[in-house]
$ cat start.csv   # CSV, C-alpha atoms
chain,number,residue,atom,x,y,z
A,1,MET,CA,93.2,3.5,-43.7
A,2,GLY,CA,96.6,1.8,-44.0
A,3,SER,CA,98.9,1.2,-46.9
A,4,TYR,CA,97.7,-0.4,-50.1
A,5,PRO,CA,98.6,-4.1,-50.7
A,6,ALA,CA,100.8,-4.6,-53.8
A,7,GLY,CA,98.0,-6.1,-56.0
A,8,LEU,CA,95.5,-3.5,-55.1
A,9,MET,CA,98.1,-0.7,-55.6
A,10,CYS,CA,98.7,-2.1,-59.1
A,11,PHE,CA,94.9,-1.9,-59.7
A,12,LEU,CA,94.7,1.6,-58.4
A,13,CYS,CA,97.5,2.9,-60.5
A,14,LEU,CA,96.0,1.4,-63.7
A,15,SER,CA,92.6,2.9,-62.9
A,16,GLY,CA,93.9,6.5,-62.6
A,17,ARG,CA,94.9,6.4,-59.0
A,18,ARG,CA,91.3,6.7,-57.9
A,19,SER,CA,90.8,6.4,-54.1
A,20,ALA,CA,89.4,3.1,-52.7
A,21,ARG,CA,86.7,5.2,-51.0
A,22,ALA,CA,85.5,6.5,-54.4
A,23,LEU,CA,85.6,3.0,-55.8
A,24,GLY,CA,83.4,1.8,-53.0
A,25,ALA,CA,80.9,4.5,-53.7
A,26,ARG,CA,80.6,3.9,-57.4
A,27,ARG,CA,79.0,0.5,-57.2
A,28,ASN,CA,78.6,-0.1,-60.9
A,29,HIS,CA,82.2,0.8,-61.7
A,30,HIS,CA,84.2,-1.9,-63.4
A,31,SER,CA,87.9,-2.2,-62.6
A,32,ASP,CA,90.8,-2.2,-65.0
A,33,SER,CA,92.6,-5.1,-63.5
A,34,PHE,CA,93.6,-6.9,-60.4
A,35,ARG,CA,96.8,-9.0,-60.4
A,36,PRO,CA,98.0,-10.0,-56.8
A,37,ALA,CA,101.6,-11.1,-56.4
A,38,ARG,CA,101.1,-13.1,-53.2
A,39,VAL,CA,97.9,-15.0,-52.2
A,40,ALA,CA,97.1,-16.9,-49.0
A,41,VAL,CA,94.8,-19.9,-49.5
A,42,VAL,CA,92.9,-20.8,-46.3
A,43,ASP,CA,92.1,-24.5,-46.4
A,44,LYS,CA,89.1,-25.9,-44.5
A,45,THR,CA,89.3,-28.9,-42.2
A,46,THR,CA,87.2,-31.6,-43.8
A,47,ARG,CA,85.0,-33.9,-41.8
A,48,TYR,CA,87.3,-36.8,-42.5
A,49,GLU,CA,90.3,-34.8,-41.3
A,50,PHE,CA,88.4,-33.7,-38.2
A,51,GLU,CA,87.5,-37.3,-37.3
A,52,GLN,CA,90.9,-38.5,-38.1
A,53,GLN,CA,92.7,-35.9,-35.9
A,54,ARG,CA,90.1,-36.4,-33.1
A,55,TYR,CA,90.7,-40.1,-32.8
A,56,ARG,CA,94.3,-40.3,-33.7
A,57,TYR,CA,95.1,-38.8,-30.3
A,58,ALA,CA,93.3,-41.8,-28.8
A,59,GLY,CA,95.6,-44.2,-30.7
A,60,LEU,CA,93.0,-45.6,-33.1
A,61,SER,CA,94.2,-47.1,-36.3
A,62,GLU,CA,92.5,-46.4,-39.7
A,63,ASP,CA,90.5,-49.6,-39.5
A,64,GLU,CA,89.4,-48.8,-35.9
A,65,LEU,CA,88.4,-45.3,-37.0
A,66,LYS,CA,86.4,-46.9,-39.8
A,67,GLU,CA,84.5,-49.2,-37.4
A,68,LEU,CA,83.9,-46.4,-34.9
A,69,LEU,CA,82.4,-44.1,-37.6
A,70,ALA,CA,80.2,-47.0,-38.7
A,71,LEU,CA,78.9,-47.4,-35.2
A,72,LYS,CA,78.0,-43.7,-35.2
A,73,GLY,CA,76.1,-44.1,-38.4
A,74,SER,CA,78.7,-42.2,-40.5
A,75,ASN,CA,79.9,-43.5,-43.8
A,76,TYR,CA,83.7,-43.7,-43.7
A,77,ASN,CA,84.1,-44.1,-47.5
A,78,GLY,CA,81.7,-41.2,-48.1
A,79,LEU,CA,83.7,-38.9,-45.8
A,80,LEU,CA,86.9,-40.0,-47.6
A,81,GLU,CA,85.4,-39.3,-51.0
A,82,ARG,CA,84.3,-35.8,-50.0
A,83,HIS,CA,87.8,-35.2,-48.6
A,84,HIS,CA,89.4,-36.2,-51.9
A,85,ILE,CA,87.0,-33.9,-53.8
A,86,HIS,CA,87.9,-31.0,-51.6
A,87,THR,CA,91.6,-31.6,-51.8
A,88,LYS,CA,91.5,-31.9,-55.6
A,89,ASN,CA,89.7,-28.6,-55.9
A,90,VAL,CA,92.1,-26.9,-53.5
A,91,GLN,CA,95.0,-28.2,-55.6
A,92,HIS,CA,93.3,-26.8,-58.7
A,93,ILE,CA,93.2,-23.3,-57.1
A,94,ILE,CA,96.9,-23.5,-56.1
A,95,ASP,CA,98.0,-24.8,-59.5
A,96,SER,CA,96.0,-22.1,-61.3
A,97,LEU,CA,97.6,-19.3,-59.1
A,98,ARG,CA,101.2,-20.7,-59.5
A,99,ASN,CA,100.8,-21.0,-63.3
A,100,GLU,CA,100.3,-17.3,-63.3
A,101,GLY,CA,103.5,-16.7,-61.4
A,102,ILE,CA,101.7,-15.9,-58.1
A,103,ASP,CA,103.4,-16.8,-54.9
A,104,VAL,CA,101.0,-19.0,-52.9
A,105,GLN,CA,100.9,-19.9,-49.2
A,106,LEU,CA,98.5,-22.7,-48.2
A,107,VAL,CA,97.4,-22.6,-44.6
A,108,LYS,CA,95.0,-24.8,-42.7
A,109,ARG,CA,92.3,-23.1,-40.6
A,110,ARG,CA,94.2,-23.6,-37.3
A,111,GLU,CA,97.4,-22.2,-38.8
A,112,TYR,CA,95.8,-19.1,-40.3
A,113,ASP,CA,96.9,-15.9,-38.4
A,114,GLU,CA,97.5,-12.2,-38.7
A,115,GLU,CA,101.0,-12.7,-40.0
A,116,THR,CA,99.7,-14.7,-42.9
A,117,VAL,CA,97.2,-11.9,-43.6
A,118,ARG,CA,100.0,-9.2,-43.6
A,119,TRP,CA,102.0,-11.3,-46.0
A,120,ALA,CA,99.3,-11.7,-48.6
A,121,ASP,CA,98.0,-9.3,-51.2
A,122,ALA,CA,94.7,-11.2,-51.3
A,123,VAL,CA,93.2,-14.1,-49.3
A,124,ILE,CA,91.3,-17.0,-50.9
A,125,SER,CA,89.1,-19.2,-48.7
A,126,ALA,CA,89.0,-22.8,-49.9
A,127,GLY,CA,85.9,-24.4,-48.4
A,128,GLY,CA,82.4,-23.2,-47.8
A,129,ASP,CA,80.8,-20.2,-46.1
A,130,GLY,CA,82.2,-21.2,-42.8
A,131,THR,CA,85.8,-21.0,-44.1
A,132,MET,CA,85.0,-17.7,-45.8
A,133,LEU,CA,83.8,-16.3,-42.5
A,134,LEU,CA,87.0,-17.5,-40.8
A,135,ALA,CA,89.2,-16.1,-43.5
A,136,ALA,CA,87.5,-12.7,-43.3
A,137,SER,CA,87.6,-12.6,-39.5
A,138,LYS,CA,91.3,-11.8,-39.4
A,139,VAL,CA,91.3,-9.2,-42.3
A,140,LEU,CA,90.8,-5.8,-40.8
A,141,ASP,CA,92.3,-3.9,-43.8
A,142,ARG,CA,89.4,-2.8,-46.0
A,143,LEU,CA,91.7,-2.7,-49.1
A,144,LYS,CA,92.8,-6.4,-48.8
A,145,PRO,CA,90.4,-8.6,-51.0
A,146,VAL,CA,89.0,-11.8,-49.6
A,147,ILE,CA,87.6,-14.3,-52.2
A,148,GLY,CA,85.7,-17.5,-51.4
A,149,VAL,CA,85.8,-20.6,-53.5
A,150,ASN,CA,83.4,-23.4,-52.8
A,151,THR,CA,85.4,-26.6,-52.9
A,152,ASP,CA,82.5,-29.0,-52.4
A,153,PRO,CA,79.4,-27.5,-54.1
A,154,GLU,CA,77.3,-30.7,-53.7
A,155,ARG,CA,77.5,-30.4,-49.9
A,156,SER,CA,77.8,-26.7,-49.3
A,157,GLU,CA,75.7,-23.8,-50.3
A,158,GLY,CA,78.6,-21.4,-50.7
A,159,HIS,CA,76.5,-18.2,-50.7
A,160,LEU,CA,79.6,-16.1,-49.9
A,161,CYS,CA,81.8,-17.8,-52.6
A,162,LEU,CA,82.3,-17.4,-56.3
A,163,PRO,CA,79.7,-19.0,-58.6
A,164,VAL,CA,80.1,-22.8,-58.6
A,165,ARG,CA,81.5,-23.1,-62.1
A,166,TYR,CA,84.7,-21.3,-61.0
A,167,THR,CA,85.4,-24.2,-58.6
A,168,TYR,CA,86.3,-26.2,-61.6
A,169,SER,CA,87.6,-23.4,-63.9
A,170,PHE,CA,89.4,-21.1,-61.5
A,171,PRO,CA,91.8,-19.9,-64.3
A,172,GLU,CA,88.7,-18.3,-65.9
A,173,ALA,CA,88.1,-16.3,-62.7
A,174,LEU,CA,91.7,-15.2,-62.6
A,175,GLN,CA,91.5,-14.0,-66.2
A,176,LYS,CA,88.4,-11.9,-65.4
A,177,LEU,CA,90.3,-10.3,-62.6
A,178,TYR,CA,93.2,-9.5,-65.0
A,179,ARG,CA,90.8,-8.0,-67.6
A,180,GLY,CA,88.9,-6.0,-65.0
A,181,GLU,CA,85.7,-8.0,-65.7
A,182,PHE,CA,84.4,-7.5,-62.1
A,183,ARG,CA,83.5,-4.9,-59.6
A,184,TRP,CA,84.6,-4.4,-56.0
A,185,GLN,CA,82.0,-5.1,-53.4
A,186,TRP,CA,82.5,-3.8,-49.9
A,187,ARG,CA,80.5,-6.0,-47.5
A,188,GLN,CA,79.6,-4.0,-44.3
A,189,ARG,CA,80.6,-5.6,-41.1
A,190,ILE,CA,79.8,-5.1,-37.4
A,191,ARG,CA,82.1,-3.9,-34.7
A,192,LEU,CA,81.7,-4.4,-30.9
A,193,TYR,CA,82.6,-2.3,-28.0
A,194,LEU,CA,82.6,-4.2,-24.7
A,195,GLU,CA,82.4,-2.6,-21.2
A,196,GLY,CA,81.1,-3.1,-17.8
A,197,THR,CA,81.9,-5.3,-14.8
A,198,GLY,CA,83.6,-8.7,-14.9
A,199,ILE,CA,84.2,-8.6,-18.6
A,200,ASN,CA,86.8,-10.8,-20.3
A,201,LEU,CA,88.2,-9.8,-23.7
A,202,THR,CA,89.7,-13.2,-24.5
A,203,PRO,CA,87.5,-15.2,-26.8
A,204,VAL,CA,86.9,-18.9,-27.1
A,205,ASP,CA,87.5,-20.1,-30.7
A,206,LEU,CA,84.7,-22.4,-31.7
A,207,HIS,CA,86.0,-23.1,-35.2
A,208,GLU,CA,88.3,-25.9,-34.3
A,209,GLN,CA,86.6,-27.0,-31.1
A,210,GLN,CA,83.7,-29.4,-30.5
A,211,LEU,CA,82.7,-28.4,-27.0
A,212,SER,CA,79.9,-29.6,-24.8
A,213,LEU,CA,77.9,-27.0,-22.9
A,214,GLU,CA,80.0,-27.8,-19.7
A,215,GLN,CA,83.3,-27.5,-21.6
A,216,HIS,CA,82.2,-24.2,-23.2
A,217,SER,CA,81.3,-22.8,-19.8
A,218,ARG,CA,84.5,-23.9,-18.2
A,219,ALA,CA,86.5,-22.5,-21.2
A,220,HIS,CA,85.0,-19.0,-20.5
A,221,SER,CA,85.1,-19.2,-16.7
A,222,HIS,CA,88.0,-21.3,-15.6
A,223,GLY,CA,90.7,-21.0,-18.3
A,224,ILE,CA,90.7,-24.5,-19.7
A,225,LEU,CA,91.3,-23.1,-23.2
A,226,ARG,CA,93.0,-19.9,-22.1
A,227,GLU,CA,94.2,-18.2,-18.9
A,228,HIS,CA,91.4,-16.3,-17.2
A,229,LYS,CA,91.9,-12.6,-17.2
A,230,GLU,CA,89.4,-10.1,-16.0
A,231,GLU,CA,89.6,-6.7,-17.7
A,232,ASP,CA,88.9,-3.2,-16.4
A,233,ALA,CA,85.3,-1.9,-16.8
A,234,GLY,CA,86.2,0.7,-19.5
A,235,GLN,CA,85.1,0.5,-23.1
A,236,HIS,CA,87.1,-1.9,-25.3
A,237,LEU,CA,86.9,-2.4,-29.1
A,238,LEU,CA,87.0,-6.2,-29.7
A,239,PRO,CA,89.5,-7.4,-32.3
A,240,VAL,CA,86.9,-9.1,-34.5
A,241,ARG,CA,84.4,-8.0,-37.0
A,242,ALA,CA,81.1,-9.8,-37.8
A,243,LEU,CA,80.5,-10.4,-41.5
A,244,ASN,CA,77.2,-12.3,-40.9
A,245,GLU,CA,75.9,-11.7,-37.4
A,246,VAL,CA,76.3,-11.3,-33.7
A,247,PHE,CA,74.2,-13.5,-31.4
A,248,ILE,CA,73.7,-13.0,-27.7
A,249,GLY,CA,72.0,-15.5,-25.4
A,250,GLU,CA,72.3,-18.1,-22.7
A,251,SER,CA,74.6,-21.0,-23.4
A,252,LEU,CA,71.9,-23.4,-22.3
A,253,SER,CA,69.3,-22.8,-25.0
A,254,SER,CA,66.4,-23.9,-22.9
A,255,ARG,CA,67.0,-21.1,-20.4
A,256,ALA,CA,65.5,-17.7,-21.2
A,257,SER,CA,68.0,-14.9,-21.8
A,258,TYR,CA,67.5,-11.8,-19.6
A,259,TYR,CA,69.0,-8.5,-20.8
A,260,GLU,CA,68.2,-4.9,-21.4
A,261,ILE,CA,68.4,-3.4,-24.9
A,262,SER,CA,68.6,0.1,-26.3
A,263,VAL,CA,68.1,0.7,-30.1
A,264,ASP,CA,69.7,3.8,-31.7
A,265,ASP,CA,70.3,5.4,-28.3
A,266,GLY,CA,66.7,5.1,-27.3
A,267,PRO,CA,65.3,4.1,-23.9
A,268,TRP,CA,66.5,0.9,-22.2
A,269,GLU,CA,63.9,-1.9,-22.3
A,270,LYS,CA,63.9,-5.1,-20.2
A,271,GLN,CA,63.8,-8.2,-22.3
A,272,LYS,CA,63.4,-12.0,-21.9
A,273,SER,CA,63.7,-14.1,-25.0
A,274,SER,CA,65.6,-17.0,-26.5
A,275,GLY,CA,68.3,-14.6,-27.7
A,276,LEU,CA,69.2,-11.6,-29.8
A,277,ASN,CA,70.5,-11.7,-33.3
A,278,VAL,CA,72.0,-8.6,-35.0
A,279,CYS,CA,73.0,-9.1,-38.7
A,280,THR,CA,74.5,-7.3,-41.6
A,281,GLY,CA,73.1,-7.3,-45.2
A,282,THR,CA,75.4,-10.3,-45.9
A,283,GLY,CA,73.9,-12.1,-42.8
A,284,SER,CA,70.3,-11.1,-43.7
A,285,LYS,CA,70.3,-14.2,-46.0
A,286,ALA,CA,71.6,-16.5,-43.2
A,287,TRP,CA,70.5,-17.1,-39.6
A,288,SER,CA,68.5,-13.9,-39.4
A,289,TYR,CA,66.5,-14.9,-42.4
A,290,ASN,CA,65.6,-18.2,-40.9
A,291,ILE,CA,64.7,-16.6,-37.6
A,292,ASN,CA,62.2,-14.2,-39.2
A,293,LYS,CA,60.9,-15.9,-42.3
A,294,ILE,CA,57.3,-17.0,-42.4
A,295,ALA,CA,55.7,-20.1,-44.0
A,296,SER,CA,52.7,-20.1,-46.3
A,297,GLN,CA,50.5,-21.9,-43.8
A,298,PRO,CA,50.3,-19.0,-41.2
A,299,VAL,CA,50.0,-16.5,-44.0
A,300,GLU,CA,46.9,-18.4,-45.3
A,301,GLU,CA,45.4,-18.5,-41.8
A,302,ILE,CA,46.0,-14.8,-41.2
A,303,LEU,CA,44.4,-13.9,-44.6
A,304,LYS,CA,41.4,-16.0,-43.7
A,305,ILE,CA,40.9,-14.2,-40.4
A,306,ALA,CA,41.3,-10.8,-42.1
A,307,LYS,CA,38.9,-11.8,-44.8
A,308,LYS,CA,36.3,-12.9,-42.3
A,309,HIS,CA,36.5,-9.9,-39.9
A,310,GLU,CA,36.6,-7.2,-42.7
A,311,HIS,CA,34.1,-9.0,-44.9
A,312,LEU,CA,36.5,-8.9,-47.7
A,313,ASP,CA,35.5,-10.4,-51.1
A,314,PHE,CA,38.6,-11.8,-52.8
A,315,LEU,CA,39.7,-15.2,-53.9
A,316,LEU,CA,42.2,-16.7,-51.4
A,317,SER,CA,44.2,-18.6,-54.0
A,318,LYS,CA,47.4,-20.5,-53.7
A,319,GLU,CA,49.1,-17.9,-55.9
A,320,LEU,CA,48.1,-15.0,-53.6
A,321,ILE,CA,49.3,-16.9,-50.5
A,322,GLU,CA,52.6,-17.6,-52.1
A,323,GLN,CA,52.9,-14.0,-53.4
A,324,VAL,CA,52.3,-12.5,-49.9
A,325,THR,CA,54.7,-15.0,-48.3
A,326,ASP,CA,57.5,-14.3,-50.7
A,327,GLU,CA,57.0,-10.6,-50.5
A,328,TYR,CA,57.3,-10.7,-46.7
A,329,ASN,CA,60.3,-13.0,-46.7
A,330,ASN,CA,62.1,-10.9,-49.4
A,331,SER,CA,61.7,-7.8,-47.2
A,332,LEU,CA,64.0,-9.4,-44.7
A,333,ILE,CA,67.0,-9.3,-47.1
A,334,TYR,CA,69.0,-6.2,-47.9
A,335,ASP,CA,72.2,-5.2,-49.8
A,336,PRO,CA,75.5,-6.3,-48.1
A,337,GLU,CA,76.9,-2.8,-48.8
A,338,GLU,CA,74.2,-1.0,-46.9
A,339,PRO,CA,75.6,0.5,-43.6
A,340,LYS,CA,72.8,-0.7,-41.4
A,341,MET,CA,71.9,-3.6,-39.2
A,342,LEU,CA,68.8,-5.8,-38.7
A,343,PHE,CA,68.2,-6.8,-35.1
A,344,SER,CA,65.9,-9.8,-34.3
A,345,ILE,CA,64.6,-10.8,-30.9
A,346,ARG,CA,64.0,-14.5,-30.9
A,347,GLU,CA,60.7,-15.6,-29.3
A,348,PRO,CA,60.3,-12.6,-27.0
A,349,ILE,CA,58.4,-13.1,-23.7
A,350,ALA,CA,55.7,-10.4,-23.2
A,351,ASN,CA,53.9,-10.0,-19.9
A,352,ARG,CA,53.3,-7.2,-17.3
A,353,VAL,CA,57.0,-7.2,-16.4
A,354,PHE,CA,58.7,-7.7,-19.7
A,355,SER,CA,57.8,-6.1,-23.0
A,356,SER,CA,59.0,-6.1,-26.6
A,357,SER,CA,58.1,-2.9,-28.3
A,358,CYS,CA,59.7,-4.0,-31.5
A,359,GLN,CA,60.6,-7.6,-32.3
A,360,ARG,CA,62.8,-6.8,-35.2
A,361,GLY,CA,63.9,-3.7,-37.1
A,362,PHE,CA,66.7,-1.9,-38.9
A,363,SER,CA,69.1,0.2,-36.8
A,364,SER,CA,72.5,1.9,-36.8
A,365,LYS,CA,73.3,1.0,-33.2
A,366,VAL,CA,72.2,-1.6,-30.7
A,367,CYS,CA,73.3,-1.6,-27.0
A,368,VAL,CA,72.8,-4.6,-24.8
A,369,ARG,CA,73.3,-4.9,-21.0
A,370,SER,CA,73.5,-8.5,-19.8
A,371,ARG,CA,71.5,-9.8,-16.9
A,372,CYS,CA,72.3,-13.4,-17.8
A,373,TRP,CA,73.7,-16.3,-15.8
A,374,ASP,CA,75.9,-18.1,-18.3
A,375,ALA,CA,75.6,-16.3,-21.6
A,376,CYS,CA,77.9,-15.7,-24.5
A,377,MET,CA,78.2,-13.3,-27.4
A,378,VAL,CA,79.1,-15.2,-30.6
A,379,VAL,CA,80.5,-13.6,-33.7
A,380,ASP,CA,79.7,-15.4,-37.0
A,381,GLY,CA,79.2,-18.7,-35.2
A,382,GLY,CA,82.9,-19.1,-34.5
A,383,THR,CA,84.2,-16.7,-31.8
A,384,SER,CA,82.5,-16.7,-28.4
A,385,PHE,CA,82.9,-14.0,-25.7
A,386,GLU,CA,81.6,-14.3,-22.1
A,387,PHE,CA,78.6,-12.0,-21.7
A,388,ASN,CA,77.2,-12.2,-18.2
A,389,ASP,CA,75.5,-9.9,-15.7
A,390,GLY,CA,77.0,-6.4,-15.8
A,391,ALA,CA,78.6,-6.7,-19.3
A,392,ILE,CA,77.5,-4.1,-21.8
A,393,VAL,CA,78.1,-4.2,-25.6
A,394,SER,CA,77.6,-1.5,-28.2
A,395,ILE,CA,77.0,-3.0,-31.6
A,396,LEU,CA,77.4,-0.8,-34.7
A,397,THR,CA,78.9,-0.5,-38.2
A,398,ASP,CA,81.8,1.6,-39.4
A,399,LYS,CA,82.7,2.0,-43.1
A,400,GLU,CA,86.3,1.4,-42.4
A,401,ASP,CA,85.4,-2.2,-41.3
A,402,ALA,CA,83.9,-3.1,-44.7
A,403,LEU,CA,85.3,-6.3,-46.2
A,404,CYS,CA,86.6,-6.1,-49.8
A,405,THR,CA,85.3,-8.8,-52.1
A,406,VAL,CA,84.7,-9.1,-55.8
A,407,LEU,CA,81.7,-9.8,-58.0
A,408,LEU,CA,82.7,-11.2,-61.4
A,409,ASP,CA,80.9,-10.2,-64.5
A,410,GLU,CA,78.6,-13.0,-65.7
$ encode --input "start.csv" --output "C-alpha cells"
Amino acid sequence: MGSYPAGLMCFLCLSGRRSARALGARRNHHSDSFRPARVAVVDKTTRYEFEQQRYRYAGLSEDELKELLALKGSNYNGLLERHHIHTKNVQHIIDSLRNEGIDVQLVKRREYDEETVRWADAVISAGGDGTMLLAASKVLDRLKPVIGVNTDPERSEGHLCLPVRYTYSFPEALQKLYRGEFRWQWRQRIRLYLEGTGINLTPVDLHEQQLSLEQHSRAHSHGILREHKEEDAGQHLLPVRALNEVFIGESLSSRASYYEISVDDGPWEKQKSSGLNVCTGTGSKAWSYNINKIASQPVEEILKIAKKHEHLDFLLSKELIEQVTDEYNNSLIYDPEEPKMLFSIREPIANRVFSSSCQRGFSSKVCVRSRCWDACMVVDGGTSFEFNDGAIVSILTDKEDALCTVLLDE
C-alpha cells in the first residue's frame, strides 16, 4: 500500500490510527482533520497561453498574434480576459495555502511529473475537469489526496472539482479540512493489462499536443514524438489509471472499428462499431452518459408504438414522457466508489457476420482483441496507446487504484 504522506499520517493519528481501508469502507465517516505540509498545485495551460506558445515559435509578435486570432474568428481580448481570471484564482489558491504555512510548489501541466507527486502530501489541480484528470493520472498512491479547484467556473463545468464558491473562498475550504468537516471519497479507477503481438507500451501524450490524424498516426508508428520500441508479447500493466474512461477505436472516426470482445471472461464475440467506451462511476456522468442517453422525442415515439400495439389506455402526457426519459438517463449514472465498470458499444453493426448481444452493461472485466488497422486506446482523453491487430487488453478495476478525494460538508 505504500507509506502514508505526512498530511494523511497526521489525520490518521488524530482519528485513532484507523486504517485507510477502514476509512474507505465507512462512507459516512467524517474525519477529524487534514493539514498537509506540502502541496503541489497543477496549473492548466489557458487557451491564451496555448496560442501564444504555439505562434511564438513562428516568430509572431503580440500584435501579429492578435490579427491571426481575429482571422480565425477568435477574440484575443476575450482569451486574455479568461487567462487573467484563471491566473487570479490560481494566485488566490497559492496565497491561501502559504498563509497557513503550507509549502507550495506551482507546476504547469507540461512540468508535472512523478517527482512532484512524491514531494507533495496532496495535489491540487487548478483548472477544470481536464486538469483534474491530468493531475490524478500520475498519482498511483491511494493515500495521496487530489483536490480539484475550478479556476474559470463561467467556462468550465468542473464536475470533478470543489463547489464553485470555493474558487473565490479557498480559505474556507482549508478550514473545513482542518476541522474535519469533510469525508474521504475513493473514486474507483480502471487499470489496463496489454499483451499480444506488435504492442508498444510507450504512450502519446495528447494533453499538450494538437495533432492531426496523420501526425497522431506517425507519432504512434514512426517515433516522431518518441522512439519506436516494440515490446514482447507478454502481459504488461500500463503505468496509467483511468479516472473517467477508456476508449478504443480507429483513429479515423469514419472507419468502423473491428475487434473481438469478452465480458467477465465470457465467450469472445466479433464486433464492428464506431468504438468501445468503458467507464467508471466517475465517468458515468461524462462521455459514457452522452453516448447512451436518450432524448424525449424517441421516448415519445416508442410509447406511442407500445400504446397502439398493446391497446393501452393511458394519457401520453409531456410529464410522463419526461419522467420516463429522466428515469432511463439516470439509470446510466452510478456511484464513483462502486468497484464496477460500464461498457458501451457505440453504434454497433449487426448482420449475419457481426452481432452485438449486449450494447451496454455493467461488468468487472472487459477483454478486447484488436482487429483494427490504425486504432488507439485512449485513457481519459489524454493518453493514447497504439492498439492494432493482434493487441489484447484486459480492462478491470482494483481497489488499490482508487483515487483519494474529499467531499466537503455543505
$ closest_residue --input "start.csv" --among "A:Gly361, A:Cys372, A:Tyr328, A:Ala242" --to "Lys272 in chain A" --atoms "only C-alpha atoms"
A:Cys372
$ closest_residue --input "start.csv" --among "A:Leu97, A:Ile305, A:Ala295, A:Val139" --to "Gln175 in chain A" --atoms "only C-alpha atoms"
A:Leu97
$ closest_residue --input "start.csv" --among "A:Glu245, A:Glu269, A:Asp95, A:Asp264" --to "Ala350 in chain A" --atoms "only C-alpha atoms"
A:Glu269
$ atom_distance --input "start.csv" --atom1 "CA of Ile395 in chain A" --atom2 "CA of Trp184 in chain A"
25.6 Å
$ atom_distance --input "start.csv" --atom1 "CA of Asp121 in chain A" --atom2 "CA of Leu201 in chain A"
29.2 Å
$ atom_distance --input "start.csv" --atom1 "CA of Leu140 in chain A" --atom2 "CA of Cys404 in chain A"
9.9 Å
$ closest_residue --input "start.csv" --among "A:Glu300, A:Glu337, A:Glu322, A:Asp380" --to "Gly130 in chain A" --atoms "only C-alpha atoms"
A:Asp380
$ closest_residue --input "start.csv" --among "A:Trp373, A:Phe314, A:Phe354, A:Phe50" --to "Trp268 in chain A" --atoms "all atoms listed in the file"
A:Phe354
$ residues_near_point --input "start.csv" --point "(95.2, -15.1, -62.7)" --cutoff "12 Å" --atoms "all atoms listed in the file" --output "JSON list (two decimals) with C-alpha atoms, in the frame of the given file"
[["chain", "number", "residue", "atom", "x", "y", "z"],
["A", 7, "GLY", "CA", 98.00, -6.10, -56.00],
["A", 33, "SER", "CA", 92.60, -5.10, -63.50],
["A", 34, "PHE", "CA", 93.60, -6.90, -60.40],
["A", 35, "ARG", "CA", 96.80, -9.00, -60.40],
["A", 36, "PRO", "CA", 98.00, -10.00, -56.80],
["A", 37, "ALA", "CA", 101.60, -11.10, -56.40],
["A", 38, "ARG", "CA", 101.10, -13.10, -53.20],
["A", 39, "VAL", "CA", 97.90, -15.00, -52.20],
["A", 93, "ILE", "CA", 93.20, -23.30, -57.10],
["A", 94, "ILE", "CA", 96.90, -23.50, -56.10],
["A", 95, "ASP", "CA", 98.00, -24.80, -59.50],
["A", 96, "SER", "CA", 96.00, -22.10, -61.30],
["A", 97, "LEU", "CA", 97.60, -19.30, -59.10],
["A", 98, "ARG", "CA", 101.20, -20.70, -59.50],
["A", 99, "ASN", "CA", 100.80, -21.00, -63.30],
["A", 100, "GLU", "CA", 100.30, -17.30, -63.30],
["A", 101, "GLY", "CA", 103.50, -16.70, -61.40],
["A", 102, "ILE", "CA", 101.70, -15.90, -58.10],
["A", 103, "ASP", "CA", 103.40, -16.80, -54.90],
["A", 169, "SER", "CA", 87.60, -23.40, -63.90],
["A", 170, "PHE", "CA", 89.40, -21.10, -61.50],
["A", 171, "PRO", "CA", 91.80, -19.90, -64.30],
["A", 172, "GLU", "CA", 88.70, -18.30, -65.90],
["A", 173, "ALA", "CA", 88.10, -16.30, -62.70],
["A", 174, "LEU", "CA", 91.70, -15.20, -62.60],
["A", 175, "GLN", "CA", 91.50, -14.00, -66.20],
["A", 176, "LYS", "CA", 88.40, -11.90, -65.40],
["A", 177, "LEU", "CA", 90.30, -10.30, -62.60],
["A", 178, "TYR", "CA", 93.20, -9.50, -65.00],
["A", 179, "ARG", "CA", 90.80, -8.00, -67.60],
["A", 180, "GLY", "CA", 88.90, -6.00, -65.00]]
$ residues_near_point --input "start.csv" --point "(73.6, -9.0, -39.7)" --cutoff "10 Å" --atoms "only C-alpha atoms" --output "number ranges by chain"
A: 188-190, 242-247, 277-289, 333-334, 336, 340-344, 362, 380
$ closest_residue --input "start.csv" --among "A:Asp409, A:Glu260, A:Asp398, A:Glu250" --to "Leu192 in chain A" --atoms "only C-alpha atoms"
A:Asp398
$ residues_around --input "start.csv" --residues "range 108-120 of chain A" --least-positions-apart "2" --cutoff "12 Å" --atoms "only C-alpha atoms" --output "VMD selection string"
chain A and resid 2 to 8 36 to 46 49 to 50 87 90 102 to 106 122 to 127 130 to 141 143 to 146 205 to 209 239 to 240 382
$ residues_around --input "start.csv" --residues "Arg155 in chain A" --least-positions-apart "4" --cutoff "10 Å" --atoms "all atoms listed in the file" --output "compact mmCIF listing (two decimals) with C-alpha atoms, in the frame of the given file"
# COMPACT_ATOMS: atom_id res chain seq x y z
CA ARG A 82 84.30 -35.80 -50.00
CA GLY A 128 82.40 -23.20 -47.80
CA ASN A 150 83.40 -23.40 -52.80
CA THR A 151 85.40 -26.60 -52.90
$ residues_around --input "start.csv" --residues "Lys270 in chain A" --least-positions-apart "3" --cutoff "12 Å" --atoms "all atoms listed in the file" --output "MDAnalysis selection string"
chainID A and resid 257:262 267 273 348:357 368:371
$ decode --input "start.csv" --residues "range 376-380 of chain A" --atoms "N, CA and C atoms" --output "short mmCIF file (atom, residue, chain, number, x, y, z; two decimals), in the first residue's frame"
data_model
loop_
_atom_site.label_atom_id
_atom_site.label_comp_id
_atom_site.auth_asym_id
_atom_site.auth_seq_id
_atom_site.Cartn_x
_atom_site.Cartn_y
_atom_site.Cartn_z
N CYS A 376 -6.38 3.23 -31.67
CA CYS A 376 -5.70 3.61 -30.44
C CYS A 376 -6.62 3.35 -29.25
N MET A 377 -5.99 3.24 -28.10
CA MET A 377 -6.70 3.09 -26.83
C MET A 377 -6.37 4.35 -26.03
N VAL A 378 -7.39 5.14 -25.75
CA VAL A 378 -7.17 6.45 -25.13
C VAL A 378 -7.71 6.45 -23.70
N VAL A 379 -6.86 6.86 -22.77
CA VAL A 379 -7.21 6.91 -21.35
C VAL A 379 -7.53 8.34 -20.97
N ASP A 380 -8.77 8.55 -20.51
CA ASP A 380 -9.22 9.88 -20.06
C ASP A 380 -8.97 10.98 -21.07
#
